[in-house]
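Taking it in order: structure first as C-alpha cells, then the write-up.
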Amino acid sequence: MQCNSSFYFLIVFLFGVCSINAQNFQIAGVVPLEEYYNYKTDDNLKLSDVNYFKDVNNHLDKFVGTWTGSYDNKTLRLNISILEQKVGYRIAYDELLIKYKIEEDNGNILINTLDMFDDYRDHMDGKFFGETTTRYYASYAGLQAQCNQKGTAFIDYINSNTLTFWILPDSDLIMDDCPLGNIHILPTTKATEVTLTKQ
C-alpha cells in the first residue's frame, strides 16, 4: 500500500512539474508585437524562440476604425480591425485586417472588399510595426496582382483623427496577361500618399 501511495505521489508530482514547465514555455514564447521588428533586424534574436507575437500593450488599437481620404480623383475607404492570434507558419500574431473600397469620382468602383468575409484574399492584412509603433506595414495583393497591384502598405498614425497611406509595389515585373503594364490604383510613393480622416 505504501508503494502504491508513493507511486501515486510521484505521478502527481511529475504531472505538476510538466504542467508548470509547459505554462512557463508558453509564457516565455509570448513576445510583445512591437518587438517583431527587432526579431527581423537583429541576428541575435531568434524567431524559433517565439510562439506568439501578441499586442500586449494595445498598440494596434489606434489604427482601428473607418478612415477615408481622396487622391487622384478617387476616394479610399479603409475599415481596420484587429485579428487576434492569427496563426502563420508555426507562430501566431495579432495583426490588422484592412478591408477597403476605392471609388472614382464618377461613381465607378474599382474594388470593394468591405462586406467580404475576413479570409477574403483581396483584403490587406498585417505584418508588423516599423521602427516605432506609429508605422504599420501590411501585405497588399489587389484584384490584378499580375499587373503589379501588390506590395507592402505603409500606414502611418499621425494623430487620433489622421492616418497616411501608400503602397510600395513588390516589383515592376509584369506578367504576360497584363498588356497595359502596371495598373496601380493606389498611391505608390511617399510623395503621393493619401491622408485619411477617421469617421
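Ligands are numbered from 1 in the order shown, residues from 1 within each chain, and chains are lettered A, B, ... in the order they appear in the C-alpha cells.
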
Determine which residues of segment 10-198 of chain A DSSP labels as alpha helix (DSSP H) from the backbone of this structure, then write them out as a ChimeraX atom specification. /A:10-28,36-41

Interface rows for segment 112-153 of chain A against segment 100-106 of chain A: nearest pair, Å to one decimal, 6 Å, only C-alpha atoms, as CSV:
residue,atom,partner,partner_atom,distance
A:Asn112,CA,A:Lys101,CA,4.2
A:Thr113,CA,A:Tyr100,CA,5.4
A:Leu114,CA,A:Tyr100,CA,5.5

Would you return as a list in words the members of segment 116-156 of chain A that DSSP assigns to strand (DSSP E) on this structure's backbone? Met124, Asp125, Gly126, Lys127, Phe128, Phe129, Arg135, Tyr136, Tyr137, Ala138, Ser139, Tyr140, Ala141, Lys150, Gly151, Thr152, Ala153, Phe154, Ile155 and Asp156 of chain A

Could the residues in this selection be written to a file with C-alpha atoms, as a CSV table (one decimal), in the first residue's frame?
chain,number,residue,atom,x,y,z
A,124,MET,CA,-4.9,43.8,-46.8
A,125,ASP,CA,-3.6,42.2,-43.7
A,126,GLY,CA,-1.0,42.9,-41.2
A,127,LYS,CA,2.7,42.3,-41.0
A,128,PHE,CA,4.2,44.3,-38.2
A,129,PHE,CA,5.2,47.7,-36.8
A,135,ARG,CA,4.1,53.0,-38.6
A,136,TYR,CA,2.5,49.7,-39.6
A,137,TYR,CA,3.2,47.5,-42.5
A,138,ALA,CA,0.5,45.4,-44.2
A,139,SER,CA,0.5,42.9,-47.1
A,140,TYR,CA,-1.4,44.0,-50.3
A,141,ALA,CA,-2.4,42.0,-53.3
A,150,LYS,CA,0.7,44.0,-54.9
A,151,GLY,CA,3.3,45.1,-52.3
A,152,THR,CA,3.5,46.5,-48.8
A,153,ALA,CA,1.1,49.1,-47.5
A,154,PHE,CA,2.6,51.8,-45.3
A,155,ILE,CA,0.2,53.1,-42.7
A,156,ASP,CA,1.4,56.0,-40.6
